[in-house]
$ cat start_38.pdb   # PDB, N, CA and C atoms
MODEL        1
ATOM      1  N   MET A   1       0.841  -1.174   0.000
ATOM      2  CA  MET A   1       0.000   0.000   0.000
ATOM      3  C   MET A   1       0.891   1.244   0.000
ATOM      4  N   ALA A   2       0.599   2.170  -0.893
ATOM      5  CA  ALA A   2       1.390   3.392  -1.007
ATOM      6  C   ALA A   2       1.082   4.342   0.145
ATOM      7  N   ARG A   3       2.101   5.035   0.574
ATOM      8  CA  ARG A   3       1.919   6.041   1.616
ATOM      9  C   ARG A   3       1.295   7.283   0.997
ATOM     10  N   PRO A   4       0.439   7.973   1.729
ATOM     11  CA  PRO A   4      -0.157   9.195   1.173
ATOM     12  C   PRO A   4       0.894  10.303   1.104
ATOM     13  N   SER A   5       0.692  11.215   0.176
ATOM     14  CA  SER A   5       1.557  12.391   0.113
ATOM     15  C   SER A   5       1.223  13.296   1.301
ATOM     16  N   ILE A   6       2.074  14.243   1.572
ATOM     17  CA  ILE A   6       1.774  15.220   2.626
ATOM     18  C   ILE A   6       0.489  15.960   2.270
ATOM     19  N   TYR A   7       0.313  16.249   0.987
ATOM     20  CA  TYR A   7      -0.906  16.901   0.501
ATOM     21  C   TYR A   7      -2.139  16.097   0.933
ATOM     22  N   GLU A   8      -2.136  14.808   0.661
ATOM     23  CA  GLU A   8      -3.281  13.967   1.021
ATOM     24  C   GLU A   8      -3.428  13.841   2.531
ATOM     25  N   PHE A   9      -2.326  13.647   3.232
ATOM     26  CA  PHE A   9      -2.362  13.490   4.685
ATOM     27  C   PHE A   9      -2.906  14.742   5.373
ATOM     28  N   ALA A  10      -2.535  15.906   4.846
ATOM     29  CA  ALA A  10      -2.945  17.168   5.461
ATOM     30  C   ALA A  10      -4.421  17.483   5.242
ATOM     31  N   GLY A  11      -5.015  16.902   4.205
ATOM     32  CA  GLY A  11      -6.426  17.171   3.940
ATOM     33  C   GLY A  11      -6.702  17.716   2.559
ATOM     34  N   SER A  12      -5.749  17.584   1.671
ATOM     35  CA  SER A  12      -5.888  17.972   0.260
ATOM     36  C   SER A  12      -6.093  19.482   0.094
ATOM     37  N   GLN A  13      -6.737  19.871  -0.987
ATOM     38  CA  GLN A  13      -6.795  21.276  -1.394
ATOM     39  C   GLN A  13      -7.392  22.190  -0.327
ATOM     40  N   ALA A  14      -8.479  21.767   0.289
ATOM     41  CA  ALA A  14      -9.135  22.606   1.295
ATOM     42  C   ALA A  14      -8.183  22.926   2.452
ATOM     43  N   ALA A  15      -7.369  21.970   2.838
ATOM     44  CA  ALA A  15      -6.426  22.187   3.934
ATOM     45  C   ALA A  15      -5.377  23.228   3.557
ATOM     46  N   PHE A  16      -4.900  23.183   2.327
ATOM     47  CA  PHE A  16      -3.870  24.137   1.916
ATOM     48  C   PHE A  16      -4.443  25.526   1.682
ATOM     49  N   LEU A  17      -5.711  25.618   1.325
ATOM     50  CA  LEU A  17      -6.354  26.928   1.243
ATOM     51  C   LEU A  17      -6.503  27.525   2.646
ATOM     52  N   ARG A  18      -6.890  26.695   3.616
ATOM     53  CA  ARG A  18      -6.960  27.175   5.006
ATOM     54  C   ARG A  18      -5.593  27.620   5.498
ATOM     55  N   LEU A  19      -4.566  26.831   5.176
ATOM     56  CA  LEU A  19      -3.201  27.181   5.580
ATOM     57  C   LEU A  19      -2.784  28.516   4.966
ATOM     58  N   ALA A  20      -3.041  28.707   3.692
ATOM     59  CA  ALA A  20      -2.664  29.964   3.029
ATOM     60  C   ALA A  20      -3.392  31.149   3.652
ATOM     61  N   ALA A  21      -4.671  30.993   3.947
ATOM     62  CA  ALA A  21      -5.437  32.080   4.565
ATOM     63  C   ALA A  21      -4.910  32.394   5.969
ATOM     64  N   ALA A  22      -4.633  31.356   6.748
ATOM     65  CA  ALA A  22      -4.112  31.563   8.102
ATOM     66  C   ALA A  22      -2.724  32.193   8.063
ATOM     67  N   HIS A  23      -1.892  31.751   7.149
ATOM     68  CA  HIS A  23      -0.543  32.304   7.020
ATOM     69  C   HIS A  23      -0.614  33.767   6.595
ATOM     70  N   HIS A  24      -1.426  34.065   5.628
ATOM     71  CA  HIS A  24      -1.564  35.445   5.158
ATOM     72  C   HIS A  24      -2.008  36.353   6.307
ATOM     73  N   GLU A  25      -2.978  35.902   7.085
ATOM     74  CA  GLU A  25      -3.465  36.698   8.214
ATOM     75  C   GLU A  25      -2.359  36.920   9.249
ATOM     76  N   ARG A  26      -1.587  35.888   9.556
ATOM     77  CA  ARG A  26      -0.475  36.040  10.505
ATOM     78  C   ARG A  26       0.566  37.023   9.970
ATOM     79  N   CYS A  27       0.847  36.947   8.684
ATOM     80  CA  CYS A  27       1.835  37.861   8.096
ATOM     81  C   CYS A  27       1.353  39.307   8.143
ATOM     82  N   LEU A  28       0.059  39.524   7.966
ATOM     83  CA  LEU A  28      -0.479  40.882   8.072
ATOM     84  C   LEU A  28      -0.336  41.429   9.492
ATOM     85  N   GLN A  29      -0.349  40.546  10.483
ATOM     86  CA  GLN A  29      -0.230  40.968  11.878
ATOM     87  C   GLN A  29       1.216  41.186  12.315
ATOM     88  N   ASP A  30       2.182  40.704  11.534
ATOM     89  CA  ASP A  30       3.594  40.833  11.874
ATOM     90  C   ASP A  30       4.103  42.205  11.433
ATOM     91  N   PRO A  31       4.841  42.921  12.317
ATOM     92  CA  PRO A  31       5.288  44.274  11.966
ATOM     93  C   PRO A  31       6.255  44.341  10.789
ATOM     94  N   VAL A  32       6.999  43.293  10.518
ATOM     95  CA  VAL A  32       7.924  43.281   9.375
ATOM     96  C   VAL A  32       7.242  42.717   8.130
ATOM     97  N   LEU A  33       6.537  41.610   8.287
ATOM     98  CA  LEU A  33       5.897  40.975   7.139
ATOM     99  C   LEU A  33       4.682  41.751   6.649
ATOM    100  N   ASN A  34       4.139  42.602   7.490
ATOM    101  CA  ASN A  34       2.977  43.384   7.084
ATOM    102  C   ASN A  34       3.261  44.169   5.816
ATOM    103  N   HIS A  35       4.448  44.729   5.700
ATOM    104  CA  HIS A  35       4.765  45.576   4.547
ATOM    105  C   HIS A  35       4.602  44.821   3.224
ATOM    106  N   PRO A  36       5.292  43.708   2.997
ATOM    107  CA  PRO A  36       5.103  43.042   1.704
ATOM    108  C   PRO A  36       3.728  42.393   1.541
ATOM    109  N   PHE A  37       3.104  41.976   2.641
ATOM    110  CA  PHE A  37       1.826  41.284   2.521
ATOM    111  C   PHE A  37       0.630  42.220   2.431
ATOM    112  N   SER A  38       0.810  43.497   2.777
ATOM    113  CA  SER A  38      -0.324  44.415   2.743
ATOM    114  C   SER A  38      -0.459  45.133   1.411
ATOM    115  N   HIS A  39       0.545  45.044   0.557
ATOM    116  CA  HIS A  39       0.467  45.696  -0.751
ATOM    117  C   HIS A  39      -0.427  44.896  -1.691
ATOM    118  N   PRO A  40      -1.164  45.616  -2.524
ATOM    119  CA  PRO A  40      -1.991  44.873  -3.482
ATOM    120  C   PRO A  40      -1.112  44.017  -4.387
ATOM    121  N   GLY A  41      -1.484  42.818  -4.527
ATOM    122  CA  GLY A  41      -0.783  41.894  -5.407
ATOM    123  C   GLY A  41      -1.804  41.242  -6.309
ATOM    124  N   HIS A  42      -1.605  40.005  -6.583
ATOM    125  CA  HIS A  42      -2.560  39.267  -7.396
ATOM    126  C   HIS A  42      -3.884  39.193  -6.640
ATOM    127  N   PRO A  43      -5.001  39.427  -7.310
ATOM    128  CA  PRO A  43      -6.289  39.423  -6.599
ATOM    129  C   PRO A  43      -6.636  38.086  -5.931
ATOM    130  N   GLN A  44      -6.059  37.004  -6.418
ATOM    131  CA  GLN A  44      -6.286  35.699  -5.791
ATOM    132  C   GLN A  44      -5.011  35.193  -5.112
ATOM    133  N   HIS A  45      -4.304  36.089  -4.440
ATOM    134  CA  HIS A  45      -3.031  35.718  -3.823
ATOM    135  C   HIS A  45      -3.176  34.527  -2.879
ATOM    136  N   VAL A  46      -4.159  34.564  -2.005
ATOM    137  CA  VAL A  46      -4.307  33.492  -1.015
ATOM    138  C   VAL A  46      -4.601  32.164  -1.708
ATOM    139  N   GLU A  47      -5.470  32.173  -2.698
ATOM    140  CA  GLU A  47      -5.788  30.946  -3.422
ATOM    141  C   GLU A  47      -4.560  30.416  -4.162
ATOM    142  N   ARG A  48      -3.804  31.321  -4.793
ATOM    143  CA  ARG A  48      -2.591  30.906  -5.504
ATOM    144  C   ARG A  48      -1.542  30.361  -4.541
ATOM    145  N   LEU A  49      -1.425  30.992  -3.362
ATOM    146  CA  LEU A  49      -0.494  30.499  -2.354
ATOM    147  C   LEU A  49      -0.902  29.091  -1.911
ATOM    148  N   GLY A  50      -2.192  28.880  -1.699
ATOM    149  CA  GLY A  50      -2.675  27.551  -1.347
ATOM    150  C   GLY A  50      -2.370  26.537  -2.449
ATOM    151  N   ASP A  51      -2.563  26.942  -3.701
ATOM    152  CA  ASP A  51      -2.243  26.050  -4.822
ATOM    153  C   ASP A  51      -0.753  25.743  -4.876
ATOM    154  N   TYR A  52       0.068  26.765  -4.623
ATOM    155  CA  TYR A  52       1.527  26.573  -4.657
ATOM    156  C   TYR A  52       1.959  25.568  -3.593
ATOM    157  N   TRP A  53       1.546  25.804  -2.356
ATOM    158  CA  TRP A  53       1.935  24.891  -1.282
ATOM    159  C   TRP A  53       1.362  23.497  -1.500
ATOM    160  N   ALA A  54       0.134  23.414  -1.981
ATOM    161  CA  ALA A  54      -0.452  22.102  -2.265
ATOM    162  C   ALA A  54       0.411  21.351  -3.272
ATOM    163  N   GLU A  55       0.836  22.032  -4.317
ATOM    164  CA  GLU A  55       1.674  21.393  -5.333
ATOM    165  C   GLU A  55       3.018  20.965  -4.762
ATOM    166  N   VAL A  56       3.633  21.833  -3.980
ATOM    167  CA  VAL A  56       4.933  21.517  -3.373
ATOM    168  C   VAL A  56       4.843  20.264  -2.504
ATOM    169  N   PHE A  57       3.720  20.082  -1.843
ATOM    170  CA  PHE A  57       3.561  18.954  -0.929
ATOM    171  C   PHE A  57       2.848  17.761  -1.562
ATOM    172  N   GLY A  58       2.865  17.682  -2.892
ATOM    173  CA  GLY A  58       2.396  16.480  -3.570
ATOM    174  C   GLY A  58       1.025  16.562  -4.199
ATOM    175  N   GLY A  59       0.437  17.740  -4.222
ATOM    176  CA  GLY A  59      -0.883  17.895  -4.826
ATOM    177  C   GLY A  59      -0.808  18.147  -6.322
ATOM    178  N   PRO A  60      -1.940  18.395  -6.927
ATOM    179  CA  PRO A  60      -1.978  18.613  -8.368
ATOM    180  C   PRO A  60      -1.249  19.904  -8.758
ATOM    181  N   PRO A  61      -0.771  19.979  -9.998
ATOM    182  CA  PRO A  61       0.035  21.129 -10.430
ATOM    183  C   PRO A  61      -0.788  22.356 -10.824
ATOM    184  N   ARG A  62      -1.764  22.715 -10.021
ATOM    185  CA  ARG A  62      -2.605  23.879 -10.336
ATOM    186  C   ARG A  62      -1.789  25.159 -10.446
ATOM    187  N   TYR A  63      -0.875  25.345  -9.511
ATOM    188  CA  TYR A  63      -0.075  26.577  -9.532
ATOM    189  C   TYR A  63       0.763  26.657 -10.804
ATOM    190  N   SER A  64       1.469  25.608 -11.124
ATOM    191  CA  SER A  64       2.327  25.605 -12.310
ATOM    192  C   SER A  64       1.528  25.760 -13.595
ATOM    193  N   GLN A  65       0.347  25.192 -13.633
ATOM    194  CA  GLN A  65      -0.479  25.293 -14.829
ATOM    195  C   GLN A  65      -1.038  26.698 -15.027
ATOM    196  N   ALA A  66      -1.206  27.443 -13.950
ATOM    197  CA  ALA A  66      -1.801  28.781 -14.034
ATOM    198  C   ALA A  66      -0.767  29.904 -13.996
ATOM    199  N   SER A  67       0.509  29.565 -13.880
ATOM    200  CA  SER A  67       1.542  30.591 -13.728
ATOM    201  C   SER A  67       2.847  30.111 -14.348
ATOM    202  N   ASP A  68       3.911  30.814 -14.014
ATOM    203  CA  ASP A  68       5.241  30.430 -14.497
ATOM    204  C   ASP A  68       5.906  29.405 -13.588
ATOM    205  N   GLY A  69       5.157  28.819 -12.661
ATOM    206  CA  GLY A  69       5.688  27.782 -11.791
ATOM    207  C   GLY A  69       6.682  28.295 -10.771
ATOM    208  N   GLN A  70       7.499  27.384 -10.294
ATOM    209  CA  GLN A  70       8.478  27.677  -9.239
ATOM    210  C   GLN A  70       9.428  28.802  -9.645
ATOM    211  N   SER A  71       9.953  28.761 -10.849
ATOM    212  CA  SER A  71      10.912  29.793 -11.260
ATOM    213  C   SER A  71      10.247  31.157 -11.336
ATOM    214  N   GLY A  72       9.003  31.213 -11.771
ATOM    215  CA  GLY A  72       8.289  32.486 -11.801
ATOM    216  C   GLY A  72       8.052  33.032 -10.401
ATOM    217  N   MET A  73       7.689  32.138  -9.473
ATOM    218  CA  MET A  73       7.465  32.559  -8.087
ATOM    219  C   MET A  73       8.757  33.103  -7.481
ATOM    220  N   LEU A  74       9.863  32.422  -7.735
ATOM    221  CA  LEU A  74      11.146  32.900  -7.202
ATOM    222  C   LEU A  74      11.515  34.251  -7.809
ATOM    223  N   GLY A  75      11.232  34.443  -9.077
ATOM    224  CA  GLY A  75      11.511  35.715  -9.727
ATOM    225  C   GLY A  75      10.722  36.862  -9.122
ATOM    226  N   ILE A  76       9.467  36.613  -8.789
ATOM    227  CA  ILE A  76       8.622  37.648  -8.181
ATOM    228  C   ILE A  76       9.175  38.061  -6.821
ATOM    229  N   HIS A  77       9.679  37.098  -6.054
ATOM    230  CA  HIS A  77      10.052  37.356  -4.668
ATOM    231  C   HIS A  77      11.547  37.588  -4.446
ATOM    232  N   SER A  78      12.354  37.482  -5.475
ATOM    233  CA  SER A  78      13.792  37.671  -5.291
ATOM    234  C   SER A  78      14.169  39.140  -5.380
ATOM    235  N   ASP A  79      15.305  39.450  -4.826
ATOM    236  CA  ASP A  79      15.873  40.800  -4.899
ATOM    237  C   ASP A  79      14.904  41.887  -4.433
ATOM    238  N   THR A  80      14.262  41.637  -3.310
ATOM    239  CA  THR A  80      13.308  42.610  -2.784
ATOM    240  C   THR A  80      13.905  43.462  -1.676
ATOM    241  N   GLU A  81      15.177  43.253  -1.380
ATOM    242  CA  GLU A  81      15.852  43.996  -0.304
ATOM    243  C   GLU A  81      15.090  43.861   1.011
ATOM    244  N   ALA A  82      14.651  42.643   1.297
ATOM    245  CA  ALA A  82      13.889  42.371   2.509
ATOM    246  C   ALA A  82      14.788  42.432   3.735
ATOM    247  N   ASP A  83      14.165  42.687   4.880
ATOM    248  CA  ASP A  83      14.891  42.660   6.147
ATOM    249  C   ASP A  83      15.543  41.299   6.335
ATOM    250  N   ASP A  84      16.671  41.294   7.045
ATOM    251  CA  ASP A  84      17.403  40.044   7.259
ATOM    252  C   ASP A  84      16.591  38.988   7.997
ATOM    253  N   ASP A  85      15.675  39.420   8.865
ATOM    254  CA  ASP A  85      14.918  38.435   9.635
ATOM    255  C   ASP A  85      13.592  38.047   8.969
ATOM    256  N   LEU A  86      13.332  38.535   7.762
ATOM    257  CA  LEU A  86      12.088  38.209   7.088
ATOM    258  C   LEU A  86      11.907  36.701   6.897
ATOM    259  N   PRO A  87      12.916  35.950   6.444
ATOM    260  CA  PRO A  87      12.709  34.499   6.291
ATOM    261  C   PRO A  87      12.329  33.798   7.599
ATOM    262  N   ALA A  88      12.964  34.177   8.694
ATOM    263  CA  ALA A  88      12.635  33.545   9.981
ATOM    264  C   ALA A  88      11.218  33.908  10.411
ATOM    265  N   ARG A  89      10.825  35.142  10.192
ATOM    266  CA  ARG A  89       9.465  35.562  10.535
ATOM    267  C   ARG A  89       8.435  34.832   9.676
ATOM    268  N   PHE A  90       8.747  34.703   8.382
ATOM    269  CA  PHE A  90       7.862  34.007   7.456
ATOM    270  C   PHE A  90       7.665  32.563   7.915
ATOM    271  N   LEU A  91       8.751  31.898   8.272
ATOM    272  CA  LEU A  91       8.675  30.512   8.727
ATOM    273  C   LEU A  91       7.907  30.405  10.039
ATOM    274  N   ALA A  92       8.119  31.337  10.958
ATOM    275  CA  ALA A  92       7.385  31.309  12.220
ATOM    276  C   ALA A  92       5.884  31.449  11.974
ATOM    277  N   CYS A  93       5.508  32.345  11.072
ATOM    278  CA  CYS A  93       4.090  32.491  10.730
ATOM    279  C   CYS A  93       3.550  31.219  10.081
ATOM    280  N   PHE A  94       4.371  30.599   9.243
ATOM    281  CA  PHE A  94       3.954  29.367   8.565
ATOM    282  C   PHE A  94       3.695  28.262   9.583
ATOM    283  N   THR A  95       4.605  28.055  10.510
ATOM    284  CA  THR A  95       4.430  26.956  11.464
ATOM    285  C   THR A  95       3.238  27.215  12.393
ATOM    286  N   LYS A  96       3.012  28.465  12.759
ATOM    287  CA  LYS A  96       1.850  28.776  13.592
ATOM    288  C   LYS A  96       0.556  28.634  12.789
ATOM    289  N   ALA A  97       0.607  28.993  11.504
ATOM    290  CA  ALA A  97      -0.569  28.877  10.646
ATOM    291  C   ALA A  97      -0.986  27.432  10.439
ATOM    292  N   ILE A  98      -0.038  26.506  10.512
ATOM    293  CA  ILE A  98      -0.372  25.080  10.402
ATOM    294  C   ILE A  98      -1.359  24.711  11.515
ATOM    295  N   ASP A  99      -1.094  25.184  12.720
ATOM    296  CA  ASP A  99      -2.011  24.937  13.829
ATOM    297  C   ASP A  99      -3.314  25.701  13.638
ATOM    298  N   ASP A 100      -3.211  26.987  13.230
ATOM    299  CA  ASP A 100      -4.408  27.801  13.013
ATOM    300  C   ASP A 100      -5.356  27.126  12.015
ATOM    301  N   ALA A 101      -4.793  26.516  10.983
ATOM    302  CA  ALA A 101      -5.591  25.889   9.932
ATOM    303  C   ALA A 101      -6.060  24.486  10.288
ATOM    304  N   GLY A 102      -5.599  23.968  11.426
ATOM    305  CA  GLY A 102      -6.035  22.654  11.880
ATOM    306  C   GLY A 102      -5.429  21.494  11.098
ATOM    307  N   LEU A 103      -4.233  21.697  10.537
ATOM    308  CA  LEU A 103      -3.579  20.606   9.826
ATOM    309  C   LEU A 103      -2.970  19.618  10.828
ATOM    310  N   PRO A 104      -2.895  18.341  10.434
ATOM    311  CA  PRO A 104      -2.340  17.343  11.366
ATOM    312  C   PRO A 104      -0.842  17.529  11.558
TER
ENDMDL
END

$ encode --input "start_38.pdb" --output "structure tokens"
Amino acid sequence: MARPSIYEFAGSQAAFLRLAAAHHERCLQDPVLNHPFSHPGHPQHVERLGDYWAEVFGGPPRYSQASDGQSGMLGIHSDTEADDDLPARFLACFTKAIDDAGLP
């Protein structure tokens, strides 16, 4: 019997949409992450983020099919002159959002 992917174990698409929404909300509340997350971006940013993470964790390639994929995402977010602690803050929000979204 095959082991489920993280995508399947976590609860599939609905779980990753909840995770993206919870993460986005946490980032808006963070004094450093608020700046990049509060600017208008793609109108479906949260949905696209959920699709991206779902794909990364073994789900269907919705993000790649609707965009430039991983390389396009890296291009959008690279060279932004972000604060040095932005990655650590982003990860802290991500791990807390996992609980907020009720993922296993």

$ residues_around --input "start_38.pdb" --residues "A:Lys96" --least-positions-apart "3" --cutoff "12 Å" --atoms "only C-alpha atoms" --output "number ranges by chain"
A: 19-20, 22-27, 89-93, 99-103

$ atom_distance --input "start_38.pdb" --atom1 "atom CA of A:Val32" --atom2 "atom CA of A:Phe94"
14.5 Å

$ atom_distance --input "start_38.pdb" --atom1 "atom CA of A:Ala10" --atom2 "atom CA of A:Asp68"
25.3 Å

$ select_by_dssp --input "start_38.pdb" --residues "chain A" --states "helix (DSSP H, G or I)" --output "ChimeraX atom specification"
/A:6-10,12-29,34-38,45-56,62-66,69-77,86-100

$ resolve_selection --input "start_38.pdb" --expression "the PyMOL selection byres (((chain A and resi 40-52 and name CA) around 8) and name CA)" --output "list of chain:residue names"
A:Gln13, A:Phe16, A:Leu17, A:Arg18, A:Leu19, A:Ala20, A:Ala21, A:His24, A:Phe37, A:Ser38, A:His39, A:Trp53, A:Ala54, A:Glu55, A:Val56, A:Pro61, A:Arg62, A:Tyr63, A:Ser64

$ residues_around --input "start_38.pdb" --residues "A:Ile6" --least-positions-apart "6" --cutoff "9 Å" --atoms "only C-alpha atoms" --output "list in words"
Ser12, Ala54, Phe57, Gly58 and Gly59 of chain A

$ atom_distance --input "start_38.pdb" --atom1 "atom C of A:Leu33" --atom2 "atom C of A:Pro104"
25.3 Å
